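All remarks here apply to the structure that follows.
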Amino acid sequence: MEPVTIRELYAQKENYLNKKVQINGWVRTVRSSKTFGFIELNDGTFFSNLQVVYDESLPNYKEVAKLGAGSSIRVSGQVVESPGAKQSFELKAATIEIEGLASADYPLQKKRHTFEYLRTIAHLRPRTNTFSAVFRVRSVAAYAIHKFFQERDFIYVHTPIITGSDAEGAGEMFRVTTLDFDKTPRNEQKEVDFTKDFFGKETNLTVSGQLEGESYCMAFNKIYTFGPTFRAENSNTPRHAAEFWMIEPEIAFADLSDNMKLAEDMLKSTISYVLEHCSEEMNFFNSFVDKSLLDRLGNIVRAKFGHITYSEAIEILKKSGERFEYPPEWGFDLQTEHERYITENHFGKPVFVTDYPKEIKAFYMRMNDDDRTVAAMDLLVPGVGEIIGGSQREERLEVLEKRIDELGLNKEDYWWYLDLRKYGGARHAGYGLGFERLIMYLTGMTNIRDVISFPRTPKNAEF
RNA sequence: UCCUCGAUAGCUCAACGGUAGAGCAACCGGCUGUUAACCGGUAGGUUGUAGGUUCGAAUCCUACUCGGGGAGCCA
């Protein structure tokens with residue numbers, strides 16, 4: 001008999017009622033009495049469990065009654081209406097074969113565990129309600145993002161993970177090397193001689209695929225990347241990880257407002273898709289993680305995102321009457337407390353903040369006509385903060401070269417990036433979306449370590 | 001990296017200078033429709049590590065390690 005999944009049972013209950021089926025899955029709990037008992041079975045395909053009823057007619061009744069949580073079993077039997085209040089149908093077991101026992105020290109209990117504890121058993125936590133919901137949403141959201149871009153004729157570009165460019169400008173990098181640390185080759189100046197290294201030069205893990213993405217944008221018009229990114233920042237916060245996934249679209253013949261339109265459409269489309277396709281998971285989050293989640297996400301899909309310039313934001317903050325730890329001042333970056341005030345108190349919805357002072361933004365962002373701000377945009381969302389950062393890129397070769405000089409950067413390092421402006425450079429814009437931050441926003445989970453399977457953070461690379 | 005709070009049984013917590021406890025899990029037994037099942041019993045601890053104060057330290061002090069929250073860096 002072909003095994004059926006619990007997802008199929010829930011989706012087409014009528015087709016299976018009073019039919020014989022086989023289900024393979026893992027035991028969540030067993031409740032046994034003298035002559036019969038119940039098993040909560042989860043097969044990984046659906047958020048809800050299947051209740052299996054068994055009795056002493058099973059030849060291995062005694063072993064089944066003693067099954068511990070976590071054990072894997074194969075159950076054959078008939079799908080029947082359930083008299084119980086908590087499920088409409090159940091599986092009346094004819095046979096239960098034990099595939100693999102879980103020993104008595106199985107660390108997951110029926111009781112609620114803290115997320116901190118579950119992080120120490122990250123290899124087992126996908127078997128819990130919360131993490132099964134998180135990682136199904138993560139998978140569906142990833143699909144929704146690909147679907148969004150593919151349907152709009154964006155080309156999915158795989159930018160390199162090992163980069164020879166040490167000038168991506170987005171943070172501290174992890175070095176990639178095959179050199180022997182005990183006897184590193186040195187040149188005459190006693191510096192490490194990277195010409196002896198695997199690539200013959202210094203290489204690192206990428207902190208952003210943007211620069212390479214721009215190159216493909218100048219060929220395909222609309223591209224996106226979706227891949228892992230690495231930052232060696234000593235950031236100890238619930239919103240930062242050393243390894244995380246980022247989506248970076250780049251569009252040609254487009255300006256900052258096209259860019260924001262794209263970002264807004266993408267977010268709304270992704271949220272709608274997840275709400276529609278993960279209703280059990282989303283209801284679970286709304287009940288047990290964040291009671292305002294569904295209201296908030298529903299509002300986002302319907303709302304028009306706010307738009308203000310950095311300069312307007314500073315004025316709003318100054319007039320707010322709020323006592324900020326860091327008083328808002330033009331020319332200084334917005335503090336977390338400022339961003340929270342803008343998005344949570346002043347607007348109560350996602351807000352694009354645009355046109356930041358050039359001093360606090362990256363060299364590649366397009367200079368505005370005022371010569372003091374650049375065409376940058378950050379999207380701030382309630383609860384999570386900055387979820388998207390992007391800009392219109394500087395397409396004018398001489399302006400870009402001037403900016404590189406002003407910032408004391410080395411033009412040779414950007415030779416191929418400057419070529420893109422030299423050979424048919426076009427206006428273009430793009431942004432980076434932190435995928436984990438999107439998942440936090442979608443699920444209400446408050447720690448990035450709980451929305452990535454095996455989180456890498458400072459001092460933590462177990463598993 | 002800075003500030004702040006914390007670490008006691010497998011898990012979640014109590015004991016707040018004077019004999020380390022409970023619930024759950026585990027183990028043994030009972031129970032004819034349970035659903036965080038229920039009832040009875042058993043076992044489980046150098047109180048994160050290293051020092052110090054004290055007649056006496058889980059409790060007070062110092063350092064370190066790890067974790068939470070906040071900040072910076074950002075996505």
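Chain labels A, B, ... are given in the sequence in which chains occur in the structure tokens; within each chain residues are numbered consecutively from 1, and ligands are likewise numbered from 1 in the order shown.
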Give me the residues within 7 Å of range 39-48 of chain B as a PyMOL selection string, counting only C-alpha atoms (C1' of nucleotides) and dropping any in the same chain fewer than 3 places off.
chain B and resi 7-9+28+58
Restrict the calculation to only C-alpha atoms (C1' of nucleotides), then for each residue of chain B with any atom at most 10 Å from an atom of chain A give the closest atom pair and their distance in Å to one decimal, rows by chain and rising residue number, as a tab-separated table.
residue	atom	partner	partner_atom	distance
B:U1	C1'	A:Asn234	CA	7.1
B:G10	C1'	A:Pro107	CA	7.0
B:C11	C1'	A:His113	CA	7.1
B:U12	C1'	A:His113	CA	7.7
B:C24	C1'	A:Lys111	CA	7.0
B:A25	C1'	A:Gln109	CA	6.5
B:A26	C1'	A:Ala104	CA	6.5
B:C27	C1'	A:Ala104	CA	9.4
B:G30	C1'	A:Lys34	CA	8.5
B:C31	C1'	A:Ser33	CA	6.0
B:U32	C1'	A:Thr35	CA	7.0
B:G33	C1'	A:Gly84	CA	7.2
B:U34	C1'	A:Arg31	CA	6.7
B:U35	C1'	A:Lys86	CA	7.0
B:A36	C1'	A:Lys111	CA	6.0
B:A37	C1'	A:Arg31	CA	6.6
B:C38	C1'	A:Ser33	CA	9.9
B:C66	C1'	A:Lys459	CA	9.7
B:G67	C1'	A:Glu116	CA	7.6
B:G68	C1'	A:Glu116	CA	8.3
B:G69	C1'	A:Thr237	CA	9.2
B:G70	C1'	A:Thr237	CA	9.0
B:A71	C1'	A:Thr336	CA	8.8
B:G72	C1'	A:Ser235	CA	8.6
B:C73	C1'	A:Ser235	CA	7.0
B:C74	C1'	A:His240	CA	7.8
B:A75	C1'	A:Gly434	CA	4.1
Any idea what's packed within 10 Å of range 12-25 of chain A, counting only C-alpha atoms (C1' of nucleotides), ignoring anything in its chain fewer than 6 positions away? Could you give it as a ChimeraX atom specification?
/A:1-6,40-45,49-50,52,70-81,88-99
Suppose you want the space between CA of Ile145 in chain A and CA of Glu248 in chain A; what is it in Å?
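It comes out at 11.1 Å.
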Using DSSP secondary structure from the backbone, list all strand (DSSP E or B) positions within range 273-437 of chain A, as a ChimeraX atom specification.
/A:306-309,351-357,365,367,373-381,385-393,428-434
Writer output for current selection, N, CA and C atoms, as a tab-separated table (two decimals), in the first residue's frame:
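Result written to again_27.tsv:
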chain	number	residue	atom	x	y	z
A	306	GLY	N	4.01	54.10	3.88
A	306	GLY	CA	4.34	55.51	4.05
A	306	GLY	C	5.62	55.88	3.31
A	307	HIS	N	5.73	57.17	2.96
A	307	HIS	CA	6.94	57.67	2.31
A	307	HIS	C	7.34	58.98	2.97
A	308	ILE	N	8.56	59.07	3.48
A	308	ILE	CA	9.08	60.37	3.90
A	308	ILE	C	10.56	60.43	3.58
A	309	THR	N	11.06	61.65	3.46
A	309	THR	CA	12.49	61.80	3.28
A	309	THR	C	13.16	61.80	4.65
A	351	VAL	N	7.15	52.07	6.43
A	351	VAL	CA	7.47	53.41	5.92
A	351	VAL	C	8.80	53.37	5.17
A	352	PHE	N	8.81	53.95	3.99
A	352	PHE	CA	10.08	54.17	3.28
A	352	PHE	C	10.67	55.50	3.73
A	353	VAL	N	11.91	55.47	4.16
A	353	VAL	CA	12.63	56.71	4.44
A	353	VAL	C	13.67	56.87	3.33
A	354	THR	N	13.68	58.02	2.68
A	354	THR	CA	14.51	58.20	1.49
A	354	THR	C	15.44	59.39	1.64
A	355	ASP	N	16.40	59.48	0.72
A	355	ASP	CA	17.25	60.66	0.55
A	355	ASP	C	18.04	61.01	1.81
A	356	TYR	N	18.93	60.10	2.16
A	356	TYR	CA	19.78	60.27	3.34
A	356	TYR	C	20.99	61.14	3.00
A	357	PRO	N	21.59	61.77	4.02
A	357	PRO	CA	22.84	62.50	3.78
A	357	PRO	C	23.88	61.56	3.18
A	365	MET	N	25.64	54.90	-4.10
A	365	MET	CA	24.27	55.45	-4.16
A	365	MET	C	24.26	56.77	-4.95
A	367	MET	N	23.91	60.35	-6.33
A	367	MET	CA	23.90	61.70	-5.75
A	367	MET	C	22.67	62.46	-6.21
A	373	THR	N	22.45	64.92	-0.40
A	373	THR	CA	21.77	63.67	-0.09
A	373	THR	C	21.89	62.72	-1.27
A	374	VAL	N	21.66	61.41	-0.99
A	374	VAL	CA	21.71	60.40	-2.04
A	374	VAL	C	20.37	59.70	-2.13
A	375	ALA	N	20.13	59.07	-3.29
A	375	ALA	CA	18.83	58.44	-3.55
A	375	ALA	C	18.78	57.06	-2.90
A	376	ALA	N	18.80	57.06	-1.58
A	376	ALA	CA	18.74	55.83	-0.80
A	376	ALA	C	17.35	55.65	-0.23
A	377	MET	N	17.01	54.39	0.06
A	377	MET	CA	15.74	54.15	0.75
A	377	MET	C	15.90	52.99	1.73
A	378	ASP	N	15.34	53.18	2.91
A	378	ASP	CA	15.24	52.09	3.89
A	378	ASP	C	13.76	51.87	4.13
A	379	LEU	N	13.37	50.59	4.20
A	379	LEU	CA	11.99	50.32	4.58
A	379	LEU	C	11.97	49.89	6.04
A	380	LEU	N	11.25	50.66	6.85
A	380	LEU	CA	11.12	50.34	8.27
A	380	LEU	C	9.75	49.71	8.51
A	381	VAL	N	9.72	48.62	9.28
A	381	VAL	CA	8.44	48.00	9.59
A	381	VAL	C	8.29	47.88	11.10
A	385	GLY	N	11.94	46.66	12.51
A	385	GLY	CA	12.87	47.73	12.17
A	385	GLY	C	13.20	47.68	10.69
A	386	GLU	N	14.49	47.88	10.38
A	386	GLU	CA	14.89	47.94	8.99
A	386	GLU	C	14.84	46.56	8.37
A	387	ILE	N	14.02	46.40	7.34
A	387	ILE	CA	13.88	45.08	6.70
A	387	ILE	C	14.45	45.13	5.29
A	388	ILE	N	14.48	46.32	4.68
A	388	ILE	CA	15.00	46.49	3.33
A	388	ILE	C	15.88	47.73	3.32
A	389	GLY	N	16.99	47.63	2.63
A	389	GLY	CA	17.83	48.80	2.40
A	389	GLY	C	18.18	48.83	0.92
A	390	GLY	N	18.00	49.97	0.27
A	390	GLY	CA	18.29	49.99	-1.15
A	390	GLY	C	18.57	51.40	-1.64
A	391	SER	N	18.76	51.51	-2.95
A	391	SER	CA	19.07	52.83	-3.50
A	391	SER	C	18.98	52.79	-5.02
A	392	GLN	N	18.88	53.99	-5.59
A	392	GLN	CA	19.20	54.12	-7.00
A	392	GLN	C	20.71	54.20	-7.07
A	393	ARG	N	21.31	53.52	-8.06
A	393	ARG	CA	22.77	53.47	-8.11
A	393	ARG	C	23.30	54.64	-8.94
A	428	HIS	N	19.71	52.70	-12.87
A	428	HIS	CA	19.22	51.44	-12.30
A	428	HIS	C	19.17	51.56	-10.78
A	429	ALA	N	18.43	50.64	-10.18
A	429	ALA	CA	18.19	50.70	-8.74
A	429	ALA	C	17.96	49.29	-8.22
A	430	GLY	N	18.13	49.13	-6.94
A	430	GLY	CA	17.93	47.80	-6.35
A	430	GLY	C	17.91	47.88	-4.84
A	431	TYR	N	17.65	46.76	-4.22
A	431	TYR	CA	17.62	46.74	-2.75
A	431	TYR	C	17.98	45.37	-2.22
A	432	GLY	N	18.22	45.28	-0.95
A	432	GLY	CA	18.48	44.02	-0.27
A	432	GLY	C	17.41	43.78	0.78
A	433	LEU	N	16.85	42.58	0.74
A	433	LEU	CA	15.87	42.19	1.74
A	433	LEU	C	16.47	41.07	2.57
A	434	GLY	N	16.52	41.27	3.88
A	434	GLY	CA	17.00	40.21	4.77
A	434	GLY	C	15.92	39.17	4.92
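A straight line drawn from CA of Lys358 in chain A to CA of Arg372 in chain A is 5.8 Å long.
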For Gly348 in chain A, work out the shell of residues within 9 Å, counting only C-alpha atoms (C1' of nucleotides) and skipping chain neighbours fewer than 4 positions away, then give it as JSON, numbers by chain.
{"A": [342, 343, 344, 381, 382]}
Selection export as a PDB file, in the first residue's frame, atoms kept: all heavy atoms:
ATOM      1  N   ILE A 342       9.128  56.375  14.213  1.00  0.00           N
ATOM      2  CA  ILE A 342       8.575  56.702  12.896  1.00  0.00           C
ATOM      3  C   ILE A 342       7.595  55.627  12.423  1.00  0.00           C
ATOM      4  O   ILE A 342       6.466  55.926  12.038  1.00  0.00           O
ATOM      5  CB  ILE A 342       9.715  56.837  11.849  1.00  0.00           C
ATOM      6  CG1 ILE A 342      10.630  58.008  12.214  1.00  0.00           C
ATOM      7  CG2 ILE A 342       9.154  56.975  10.444  1.00  0.00           C
ATOM      8  CD1 ILE A 342      10.125  59.353  11.807  1.00  0.00           C
ATOM      9  N   THR A 343       8.024  54.371  12.476  1.00  0.00           N
ATOM     10  CA  THR A 343       7.203  53.324  11.881  1.00  0.00           C
ATOM     11  C   THR A 343       6.087  52.859  12.812  1.00  0.00           C
ATOM     12  O   THR A 343       4.995  52.524  12.362  1.00  0.00           O
ATOM     13  CB  THR A 343       8.068  52.141  11.406  1.00  0.00           C
ATOM     14  OG1 THR A 343       7.253  51.195  10.737  1.00  0.00           O
ATOM     15  CG2 THR A 343       8.763  51.448  12.550  1.00  0.00           C
ATOM     16  N   GLU A 344       6.346  52.849  14.128  1.00  0.00           N
ATOM     17  CA  GLU A 344       5.353  52.296  15.054  1.00  0.00           C
ATOM     18  C   GLU A 344       4.394  53.367  15.571  1.00  0.00           C
ATOM     19  O   GLU A 344       3.185  53.152  15.642  1.00  0.00           O
ATOM     20  CB  GLU A 344       6.056  51.589  16.220  1.00  0.00           C
ATOM     21  CG  GLU A 344       6.770  50.317  15.770  1.00  0.00           C
ATOM     22  CD  GLU A 344       7.645  49.690  16.848  1.00  0.00           C
ATOM     23  OE1 GLU A 344       7.533  50.092  18.029  1.00  0.00           O
ATOM     24  OE2 GLU A 344       8.444  48.803  16.503  1.00  0.00           O
ATOM     25  N   VAL A 381       9.724  48.622   9.277  1.00  0.00           N
ATOM     26  CA  VAL A 381       8.440  48.000   9.585  1.00  0.00           C
ATOM     27  C   VAL A 381       8.289  47.882  11.099  1.00  0.00           C
ATOM     28  O   VAL A 381       9.279  47.691  11.810  1.00  0.00           O
ATOM     29  CB  VAL A 381       8.283  46.606   8.928  1.00  0.00           C
ATOM     30  CG1 VAL A 381       8.329  46.725   7.422  1.00  0.00           C
ATOM     31  CG2 VAL A 381       9.337  45.648   9.439  1.00  0.00           C
ATOM     32  N   PRO A 382       7.049  48.009  11.591  1.00  0.00           N
ATOM     33  CA  PRO A 382       6.826  47.904  13.035  1.00  0.00           C
ATOM     34  C   PRO A 382       7.320  46.562  13.563  1.00  0.00           C
ATOM     35  O   PRO A 382       7.108  45.530  12.938  1.00  0.00           O
ATOM     36  CB  PRO A 382       5.296  48.018  13.167  1.00  0.00           C
ATOM     37  CG  PRO A 382       4.848  48.740  11.942  1.00  0.00           C
ATOM     38  CD  PRO A 382       5.798  48.312  10.864  1.00  0.00           C
TER      39      PRO A 382
END
Please extract the residues of range 27-169 of chain A with a backbone DSSP assignment of alpha helix (DSSP H) and present them as a ChimeraX atom specification.
/A:61-65,115-120,129-151
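Compared by their closest atoms to Phe305 in chain A, and using only C-alpha atoms, the residues A:Phe149, A:Phe181, A:Phe347, A:Phe226 rank with A:Phe347 nearest.
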